[in-house]
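Participant: Before anything else, here's the structure in question.
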Amino acid sequence: MSEINFYYLEKPTLSNLNRIFESAEIPFIRLSKFLSKEDSNMEVKLKRDEKIGFYKRNIGQAHLGDFWKSKDFLDFLKKGTGLNCQFRSSEGQSYGPGDYSLLHSEEFEGKRLVVVYDFTKKWDIEWGGHDIYTSPDKDPLICNRDAGTLMLTRLNEGDYSCTRYVSLKSESIVKFDKVIFDIK
Amino acid sequence: MRQNSIIPPVKSSPFPHVVVEDFLDEDTLDLVIDALAGLEYSFSESDLFSYWASVKLTDIDHPALNVLRKDLGDKIWRDEVANAFKVSKLSKIDMAAYVYGLGDFLLPHDDQVEDRVIAYSLHLTPDLEEEDGGSLDLFEDDKDGKSKLVKRVIPKFNSLNMFEVSATSWHQVSEILTDIQRLTLTGWYHV
């Protein structure tokens, strides 16, 4: 099982995370080197997932498997965000050259915490593939790719997220686990 | 002035579309390109697209653009377009210029907005090749939402591309892969 970097479990850090999370326009935290031990299955088979005008990508099981439902991670979420979360779903996603998802794919979603753990290696910002989060009347939040980084974003009904189009010139692929928690 | 007022037979697959080549005469073409070069373009980017767009050209008073609006939007031509696509009468057009540079794109969408009947784009970039990107790609979708790219139109200089807007008119502008600038005048014929 994967292990969370001890630094992120210390009381002062957790208290800081809470403060940062609450102070952002769109509540958001980005934690690099989140895991001290990454027990990932990169052999997970992802299958093509296409809906024209919505998304074009690969999806499958989460690379970190049951870690997303583990007591350690749920405890961390509660202490780091102050939210009372209930696990809804987890999946592995990858985006190669020409792939994308669009914001309106998330129409009809309710209040949720979106957790993204990034496995993308050797990425050039010019290839796109970044995550975008939007909320009415707020500046969009852009999250660039960075392997080993965990991103937590609280979204309300009417808030959307997507992975921006990946350039045909990309020499690598975007790969991450995306986990959704319902907020009680 | 229009140089070519004959619309070839509309192709039905994957959805009704047609290309009218050599649309404007040389003098008008030069004037229009000069006029468009003098416009300001602002960069627009979203999850769906990345390009440079002019302001709406529908109401701008400029000799070349006035001629162009007439060439694309006078009653004779609107009737020709309506007949070619076998649609009811077309009333007005709108118009804006778009420039796609390196890395710009427009992802698949169907163009459906109230009152739009026929979409058009007049291509104004000489010598655009397939390797440059910037093709107009037409998709066929099935009931599951899966799509297949079935036609790739490489924009030819001074050609007018038109297609009927519907729930199945899925199309995209493929990513620009070189430092070419893809300039088009684009808009819709409305009910």
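FYI, nothing fancy with the structure tokens labels: chains A, B, ... in order, residues from 1 per chain, ligands from 1 as they appear.
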Which residues of region 45-132 of chain B come within 12 Å of region 113-130 of chain A, and what is each one's closest atom pair and distance in Å (one decimal), counting only C-alpha atoms, sorted by chain and residue number, as JSON lines?
Facilitator:
```
{"residue": "B:Glu45", "atom": "CA", "partner": "A:Gly128", "partner_atom": "CA", "distance": 11.9}
{"residue": "B:Ser46", "atom": "CA", "partner": "A:Gly128", "partner_atom": "CA", "distance": 11.7}
{"residue": "B:Asp47", "atom": "CA", "partner": "A:His130", "partner_atom": "CA", "distance": 10.3}
{"residue": "B:Phe49", "atom": "CA", "partner": "A:Gly128", "partner_atom": "CA", "distance": 12.0}
{"residue": "B:Ser50", "atom": "CA", "partner": "A:Gly128", "partner_atom": "CA", "distance": 11.2}
{"residue": "B:Leu102", "atom": "CA", "partner": "A:Glu126", "partner_atom": "CA", "distance": 10.8}
{"residue": "B:Gly103", "atom": "CA", "partner": "A:Glu126", "partner_atom": "CA", "distance": 8.5}
{"residue": "B:Asp104", "atom": "CA", "partner": "A:Gly128", "partner_atom": "CA", "distance": 10.9}
{"residue": "B:Phe105", "atom": "CA", "partner": "A:Gly128", "partner_atom": "CA", "distance": 11.7}
```
Participant: Name all residues at most 8 Å from region 28-30 of chain A (count only C-alpha atoms; drop same-chain ones fewer than 3 positions away) and give them as a ChimeraX atom specification.
Facilitator: /A:17,20-22,24,149-154
Participant: Could you turn the residues from that selection into a file that holds all heavy atoms, as a PDB file, in the first residue's frame?
Facilitator:
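Final output, result-v4.pdb:
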```pdb
ATOM      1  N   LEU A  17      -2.699  23.561   5.648  1.00  0.00           N
ATOM      2  CA  LEU A  17      -3.443  23.116   4.459  1.00  0.00           C
ATOM      3  C   LEU A  17      -4.891  23.561   4.559  1.00  0.00           C
ATOM      4  O   LEU A  17      -5.462  24.062   3.589  1.00  0.00           O
ATOM      5  CB  LEU A  17      -3.392  21.586   4.333  1.00  0.00           C
ATOM      6  CG  LEU A  17      -2.034  20.968   4.015  1.00  0.00           C
ATOM      7  CD1 LEU A  17      -2.150  19.459   3.860  1.00  0.00           C
ATOM      8  CD2 LEU A  17      -1.462  21.562   2.736  1.00  0.00           C
ATOM      9  N   ILE A  20      -5.033  27.257   3.754  1.00  0.00           N
ATOM     10  CA  ILE A  20      -4.814  27.527   2.323  1.00  0.00           C
ATOM     11  C   ILE A  20      -6.041  27.094   1.526  1.00  0.00           C
ATOM     12  O   ILE A  20      -6.517  27.804   0.635  1.00  0.00           O
ATOM     13  CB  ILE A  20      -3.558  26.768   1.814  1.00  0.00           C
ATOM     14  CG1 ILE A  20      -2.314  27.304   2.499  1.00  0.00           C
ATOM     15  CG2 ILE A  20      -3.431  26.856   0.300  1.00  0.00           C
ATOM     16  CD1 ILE A  20      -1.097  26.399   2.365  1.00  0.00           C
ATOM     17  N   PHE A  21      -6.567  25.935   1.872  1.00  0.00           N
ATOM     18  CA  PHE A  21      -7.719  25.373   1.144  1.00  0.00           C
ATOM     19  C   PHE A  21      -8.906  26.326   1.212  1.00  0.00           C
ATOM     20  O   PHE A  21      -9.581  26.565   0.212  1.00  0.00           O
ATOM     21  CB  PHE A  21      -8.078  24.017   1.768  1.00  0.00           C
ATOM     22  CG  PHE A  21      -9.042  23.203   0.957  1.00  0.00           C
ATOM     23  CD1 PHE A  21      -8.679  22.695  -0.280  1.00  0.00           C
ATOM     24  CD2 PHE A  21     -10.317  22.937   1.429  1.00  0.00           C
ATOM     25  CE1 PHE A  21      -9.567  21.936  -1.023  1.00  0.00           C
ATOM     26  CE2 PHE A  21     -11.215  22.179   0.685  1.00  0.00           C
ATOM     27  CZ  PHE A  21     -10.838  21.677  -0.541  1.00  0.00           C
ATOM     28  N   GLU A  22      -9.125  26.888   2.373  1.00  0.00           N
ATOM     29  CA  GLU A  22     -10.280  27.755   2.558  1.00  0.00           C
ATOM     30  C   GLU A  22     -10.090  29.142   1.956  1.00  0.00           C
ATOM     31  O   GLU A  22     -11.057  29.817   1.634  1.00  0.00           O
ATOM     32  CB  GLU A  22     -10.593  27.888   4.058  1.00  0.00           C
ATOM     33  CG  GLU A  22     -11.286  26.672   4.628  1.00  0.00           C
ATOM     34  CD  GLU A  22     -12.529  26.264   3.843  1.00  0.00           C
ATOM     35  OE1 GLU A  22     -13.260  27.155   3.377  1.00  0.00           O
ATOM     36  OE2 GLU A  22     -12.760  25.054   3.668  1.00  0.00           O
ATOM     37  N   ALA A  24      -8.544  29.986  -0.928  1.00  0.00           N
ATOM     38  CA  ALA A  24      -8.502  30.101  -2.393  1.00  0.00           C
ATOM     39  C   ALA A  24      -9.891  30.415  -2.937  1.00  0.00           C
ATOM     40  O   ALA A  24     -10.892  30.037  -2.331  1.00  0.00           O
ATOM     41  CB  ALA A  24      -7.999  28.794  -2.986  1.00  0.00           C
ATOM     42  N   THR A 149       2.469  14.697  -7.765  1.00  0.00           N
ATOM     43  CA  THR A 149       1.715  15.771  -7.098  1.00  0.00           C
ATOM     44  C   THR A 149       0.251  15.379  -6.909  1.00  0.00           C
ATOM     45  O   THR A 149      -0.370  14.794  -7.811  1.00  0.00           O
ATOM     46  CB  THR A 149       1.818  17.074  -7.924  1.00  0.00           C
ATOM     47  OG1 THR A 149       3.162  17.526  -7.874  1.00  0.00           O
ATOM     48  CG2 THR A 149       0.903  18.157  -7.385  1.00  0.00           C
ATOM     49  N   LEU A 150      -0.284  15.697  -5.747  1.00  0.00           N
ATOM     50  CA  LEU A 150      -1.709  15.480  -5.458  1.00  0.00           C
ATOM     51  C   LEU A 150      -2.414  16.830  -5.507  1.00  0.00           C
ATOM     52  O   LEU A 150      -1.917  17.807  -4.949  1.00  0.00           O
ATOM     53  CB  LEU A 150      -1.876  14.874  -4.060  1.00  0.00           C
ATOM     54  CG  LEU A 150      -3.317  14.532  -3.686  1.00  0.00           C
ATOM     55  CD1 LEU A 150      -3.680  13.145  -4.221  1.00  0.00           C
ATOM     56  CD2 LEU A 150      -3.524  14.561  -2.172  1.00  0.00           C
ATOM     57  N   MET A 151      -3.563  16.860  -6.169  1.00  0.00           N
ATOM     58  CA  MET A 151      -4.343  18.105  -6.221  1.00  0.00           C
ATOM     59  C   MET A 151      -5.736  17.842  -5.671  1.00  0.00           C
ATOM     60  O   MET A 151      -6.398  16.882  -6.096  1.00  0.00           O
ATOM     61  CB  MET A 151      -4.421  18.608  -7.659  1.00  0.00           C
ATOM     62  CG  MET A 151      -3.097  19.176  -8.129  1.00  0.00           C
ATOM     63  SD  MET A 151      -2.955  19.324  -9.913  1.00  0.00           S
ATOM     64  CE  MET A 151      -2.492  17.681 -10.378  1.00  0.00           C
ATOM     65  N   LEU A 152      -6.144  18.675  -4.742  1.00  0.00           N
ATOM     66  CA  LEU A 152      -7.480  18.558  -4.141  1.00  0.00           C
ATOM     67  C   LEU A 152      -8.263  19.811  -4.499  1.00  0.00           C
ATOM     68  O   LEU A 152      -7.792  20.918  -4.259  1.00  0.00           O
ATOM     69  CB  LEU A 152      -7.378  18.483  -2.609  1.00  0.00           C
ATOM     70  CG  LEU A 152      -6.451  17.436  -1.997  1.00  0.00           C
ATOM     71  CD1 LEU A 152      -6.378  17.629  -0.481  1.00  0.00           C
ATOM     72  CD2 LEU A 152      -6.973  16.054  -2.308  1.00  0.00           C
ATOM     73  N   THR A 153      -9.446  19.630  -5.049  1.00  0.00           N
ATOM     74  CA  THR A 153     -10.254  20.795  -5.444  1.00  0.00           C
ATOM     75  C   THR A 153     -11.702  20.572  -5.025  1.00  0.00           C
ATOM     76  O   THR A 153     -12.276  19.524  -5.353  1.00  0.00           O
ATOM     77  CB  THR A 153     -10.211  21.002  -6.973  1.00  0.00           C
ATOM     78  OG1 THR A 153      -8.869  20.881  -7.407  1.00  0.00           O
ATOM     79  CG2 THR A 153     -10.743  22.359  -7.372  1.00  0.00           C
ATOM     80  N   ARG A 154     -12.244  21.532  -4.314  1.00  0.00           N
ATOM     81  CA  ARG A 154     -13.658  21.412  -3.936  1.00  0.00           C
ATOM     82  C   ARG A 154     -14.511  22.135  -4.975  1.00  0.00           C
ATOM     83  O   ARG A 154     -14.293  23.314  -5.264  1.00  0.00           O
ATOM     84  CB  ARG A 154     -13.898  22.044  -2.556  1.00  0.00           C
ATOM     85  CG  ARG A 154     -15.284  21.673  -2.019  1.00  0.00           C
ATOM     86  CD  ARG A 154     -15.571  22.330  -0.704  1.00  0.00           C
ATOM     87  NE  ARG A 154     -15.988  23.713  -0.904  1.00  0.00           N
ATOM     88  CZ  ARG A 154     -16.011  24.627   0.070  1.00  0.00           C
ATOM     89  NH1 ARG A 154     -15.607  24.315   1.279  1.00  0.00           N
ATOM     90  NH2 ARG A 154     -16.409  25.852  -0.180  1.00  0.00           N
TER      91      ARG A 154
END
```
Participant: Need to verify the contact set: His62 (chain B), 12 Å, only C-alpha atoms, exclusion of same-chain residues closer than 4 positions in sequence. Can you return it as an NGL selection string?
Facilitator: :B and (31-32 or 34-36 or 38-39 or 57-58 or 66-69)
Participant: Hey, could you make a per-residue contact list for chain A against chain B with 7 Å as the cut-off, showing the nearest pair of atoms and its distance in Å to one decimal, counting only C-alpha atoms, sorted by chain and number, as a tab-separated table?
Facilitator:
```
residue	atom	partner	partner_atom	distance
A:Glu50	CA	B:Lys146	CA	5.7
A:Lys51	CA	B:Gly145	CA	4.6
A:Ile52	CA	B:Gly145	CA	5.7
A:Gly53	CA	B:Pro108	CA	5.4
A:Leu102	CA	B:Asp47	CA	5.7
A:Leu103	CA	B:Asp47	CA	6.7
A:Arg164	CA	B:Asp47	CA	5.8
```
Participant: Residues within 9 Å of Gln93 (chain A), please, as a list in words. Count only C-alpha atoms; anything in the same chain fewer than 5 positions from it doesn't count.
Facilitator: Leu46, Arg57, Asn58, Ile59, Gly60, Gln61, Ala62, Val174, Lys175, Phe176, Asp177 and Lys178 of chain A
Participant: Take the residues from that selection and put them in a file with all heavy atoms, as a compact mmCIF listing (two decimals), in the first residue's frame.
Facilitator:
```txt
# COMPACT_ATOMS: atom_id res chain seq x y z
N LEU A 46 -6.02 0.41 -19.60
CA LEU A 46 -7.01 1.47 -19.79
C LEU A 46 -7.66 1.26 -21.15
O LEU A 46 -7.01 0.83 -22.10
CB LEU A 46 -6.34 2.84 -19.74
CG LEU A 46 -5.54 3.17 -18.46
CD1 LEU A 46 -4.93 4.57 -18.56
CD2 LEU A 46 -6.42 3.10 -17.23
N ARG A 57 -10.26 9.95 -24.59
CA ARG A 57 -9.22 9.61 -23.61
C ARG A 57 -9.22 8.11 -23.39
O ARG A 57 -9.96 7.38 -24.04
CB ARG A 57 -9.53 10.33 -22.29
CG ARG A 57 -10.88 9.87 -21.72
CD ARG A 57 -11.38 10.78 -20.61
NE ARG A 57 -12.71 10.37 -20.18
CZ ARG A 57 -13.50 11.05 -19.39
NH1 ARG A 57 -13.12 12.22 -18.94
NH2 ARG A 57 -14.69 10.61 -19.05
N ASN A 58 -8.41 7.65 -22.43
CA ASN A 58 -8.45 6.26 -21.98
C ASN A 58 -8.80 6.26 -20.50
O ASN A 58 -8.32 7.11 -19.74
CB ASN A 58 -7.09 5.59 -22.18
CG ASN A 58 -6.73 5.49 -23.64
OD1 ASN A 58 -7.42 4.84 -24.41
ND2 ASN A 58 -5.66 6.15 -24.04
N ILE A 59 -9.61 5.29 -20.10
CA ILE A 59 -9.93 5.17 -18.66
C ILE A 59 -9.83 3.71 -18.22
O ILE A 59 -9.91 2.79 -19.04
CB ILE A 59 -11.33 5.71 -18.31
CG1 ILE A 59 -12.43 4.94 -19.07
CG2 ILE A 59 -11.45 7.18 -18.57
CD1 ILE A 59 -13.82 5.16 -18.49
N GLY A 60 -9.67 3.52 -16.92
CA GLY A 60 -9.62 2.17 -16.36
C GLY A 60 -9.54 2.27 -14.85
O GLY A 60 -9.88 3.30 -14.27
N GLN A 61 -9.05 1.18 -14.24
CA GLN A 61 -8.92 1.20 -12.79
C GLN A 61 -7.86 2.20 -12.35
O GLN A 61 -6.89 2.45 -13.07
CB GLN A 61 -8.51 -0.19 -12.31
CG GLN A 61 -9.65 -1.19 -12.38
CD GLN A 61 -9.25 -2.53 -11.82
OE1 GLN A 61 -8.05 -2.83 -11.72
NE2 GLN A 61 -10.22 -3.34 -11.46
N ALA A 62 -8.03 2.68 -11.12
CA ALA A 62 -7.04 3.61 -10.56
C ALA A 62 -5.70 2.90 -10.39
O ALA A 62 -5.66 1.73 -9.98
CB ALA A 62 -7.53 4.14 -9.23
N VAL A 174 -0.39 12.22 -20.81
CA VAL A 174 -0.87 12.63 -19.50
C VAL A 174 -1.47 11.41 -18.82
O VAL A 174 -2.25 10.68 -19.43
CB VAL A 174 -1.96 13.73 -19.64
CG1 VAL A 174 -2.66 13.99 -18.32
CG2 VAL A 174 -1.35 15.00 -20.20
N LYS A 175 -1.09 11.17 -17.57
CA LYS A 175 -1.60 9.99 -16.87
C LYS A 175 -1.86 10.38 -15.41
O LYS A 175 -0.99 10.97 -14.77
CB LYS A 175 -0.54 8.90 -16.95
CG LYS A 175 -1.06 7.52 -16.59
CD LYS A 175 -0.02 6.45 -16.83
CE LYS A 175 -0.06 5.92 -18.24
NZ LYS A 175 0.65 4.66 -18.40
N PHE A 176 -3.05 10.06 -14.92
CA PHE A 176 -3.34 10.37 -13.51
C PHE A 176 -4.47 9.48 -12.98
O PHE A 176 -5.18 8.84 -13.77
CB PHE A 176 -3.70 11.85 -13.33
CG PHE A 176 -4.82 12.36 -14.19
CD1 PHE A 176 -6.15 12.11 -13.87
CD2 PHE A 176 -4.55 13.10 -15.34
CE1 PHE A 176 -7.18 12.59 -14.67
CE2 PHE A 176 -5.59 13.57 -16.16
CZ PHE A 176 -6.90 13.32 -15.81
N ASP A 177 -4.57 9.45 -11.66
CA ASP A 177 -5.76 8.88 -11.01
C ASP A 177 -6.68 10.03 -10.67
O ASP A 177 -6.21 11.09 -10.19
CB ASP A 177 -5.38 8.17 -9.70
CG ASP A 177 -4.92 6.73 -9.95
OD1 ASP A 177 -4.90 6.30 -11.11
OD2 ASP A 177 -4.58 6.05 -8.96
N LYS A 178 -7.97 9.84 -10.92
CA LYS A 178 -8.95 10.86 -10.56
C LYS A 178 -9.96 10.22 -9.61
O LYS A 178 -10.54 9.18 -9.94
CB LYS A 178 -9.65 11.39 -11.81
CG LYS A 178 -10.56 12.58 -11.54
CD LYS A 178 -10.95 13.26 -12.84
CE LYS A 178 -11.60 14.60 -12.59
NZ LYS A 178 -11.82 15.35 -13.82
```
Participant: Find the residue from A:Gly158, A:Pro27, A:Pro12, A:Gly80 that sits nearest to Gly110 (chain A); use only C-alpha atoms when measuring.
Facilitator: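 Result for the nearest residue to Gly110 (chain A): A:Gly158.
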Participant: Tell me, which residues of region 8-177 of chain B carry DSSP helix (DSSP H, G or I), written as an MDAnalysis selection string?
Facilitator: chainID B and resid 26:37 63:73 75:85 130:132
Participant: Quick one: pick out all strand (DSSP E) residues within region 20-171 of chain A from a backbone DSSP run and write them as a PyMOL selection string.
Facilitator: chain A and resi 28-31+35-37+47-51+55-60+85-95+100-101+112-118+131-134+141-143+150-155+160-163
Participant: Give me the residues near Phe157 (chain B) as an mmCIF file with C-alpha atoms, in the first residue's frame, where near means some atom within 9 Å (using only C-alpha atoms) and where sequence neighbours in that chain fewer than 5 positions away do not count.
Facilitator:
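Generated file (part-v3.cif):
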```cif
data_model
loop_
_atom_site.group_PDB
_atom_site.id
_atom_site.type_symbol
_atom_site.label_atom_id
_atom_site.label_comp_id
_atom_site.auth_asym_id
_atom_site.auth_seq_id
_atom_site.Cartn_x
_atom_site.Cartn_y
_atom_site.Cartn_z
ATOM 1 C CA GLU B 21 -13.897 27.105 -55.276
ATOM 2 C CA ASP B 22 -12.570 30.433 -56.622
ATOM 3 C CA LEU B 122 -14.186 31.519 -46.696
ATOM 4 C CA HIS B 123 -10.553 30.436 -46.683
ATOM 5 C CA LEU B 124 -7.949 33.100 -47.257
ATOM 6 C CA THR B 125 -4.595 31.393 -46.648
ATOM 7 C CA PRO B 126 -2.621 30.593 -49.790
ATOM 8 C CA ASP B 127 -0.751 27.310 -50.024
ATOM 9 C CA LEU B 128 -2.024 25.649 -46.869
#
```
Participant: Could you give me, as a ChimeraX atom specification, the residues within 8 Å of Val55 (chain B), counting only C-alpha atoms and dropping anything in the same chain fewer than 5 positions from it?
Facilitator: /B:40-41,96-97
Participant: Using only C-alpha atoms, which of the listed residues (A:Ile4, A:Glu171, A:Ala147, A:Phe34) sits closest to Asp72 (chain A)?
Facilitator: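 Result for the nearest residue to Asp72 (chain A): A:Ile4.
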Participant: What lies within 9 Å of Phe181 (chain A) using only C-alpha atoms, ignoring chain neighbours under 6 positions off, as a list in words?
Facilitator: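 My reading of the contact set: Cys85, Gln86, Phe87, Arg88, Ser89, Ser90, Lys111, Arg112, Leu113, Val114 and Val115 of chain A.
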Participant: Between CA of Ser44 (chain B) and CA of Asp132 (chain B), what is the spacing in Å?
Facilitator: 20.7 Å
Participant: Given the choices B:Pro155, B:Gly73, B:Pro8, B:Pro14, which gets closest to Ser121 (chain B) if the distance is worked out from only C-alpha atoms?
Facilitator: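 Closest to Ser121 (chain B) of all the choices is B:Pro155.
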Participant: Considering only C-alpha atoms, state which residue in the set B:Gly187, B:Pro16, B:Gly134, B:Pro9 is at the smallest distance from Lys92 (chain B).
Facilitator: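 Once distances to Lys92 (chain B) are computed over only C-alpha atoms, the minimum belongs to B:Gly187.
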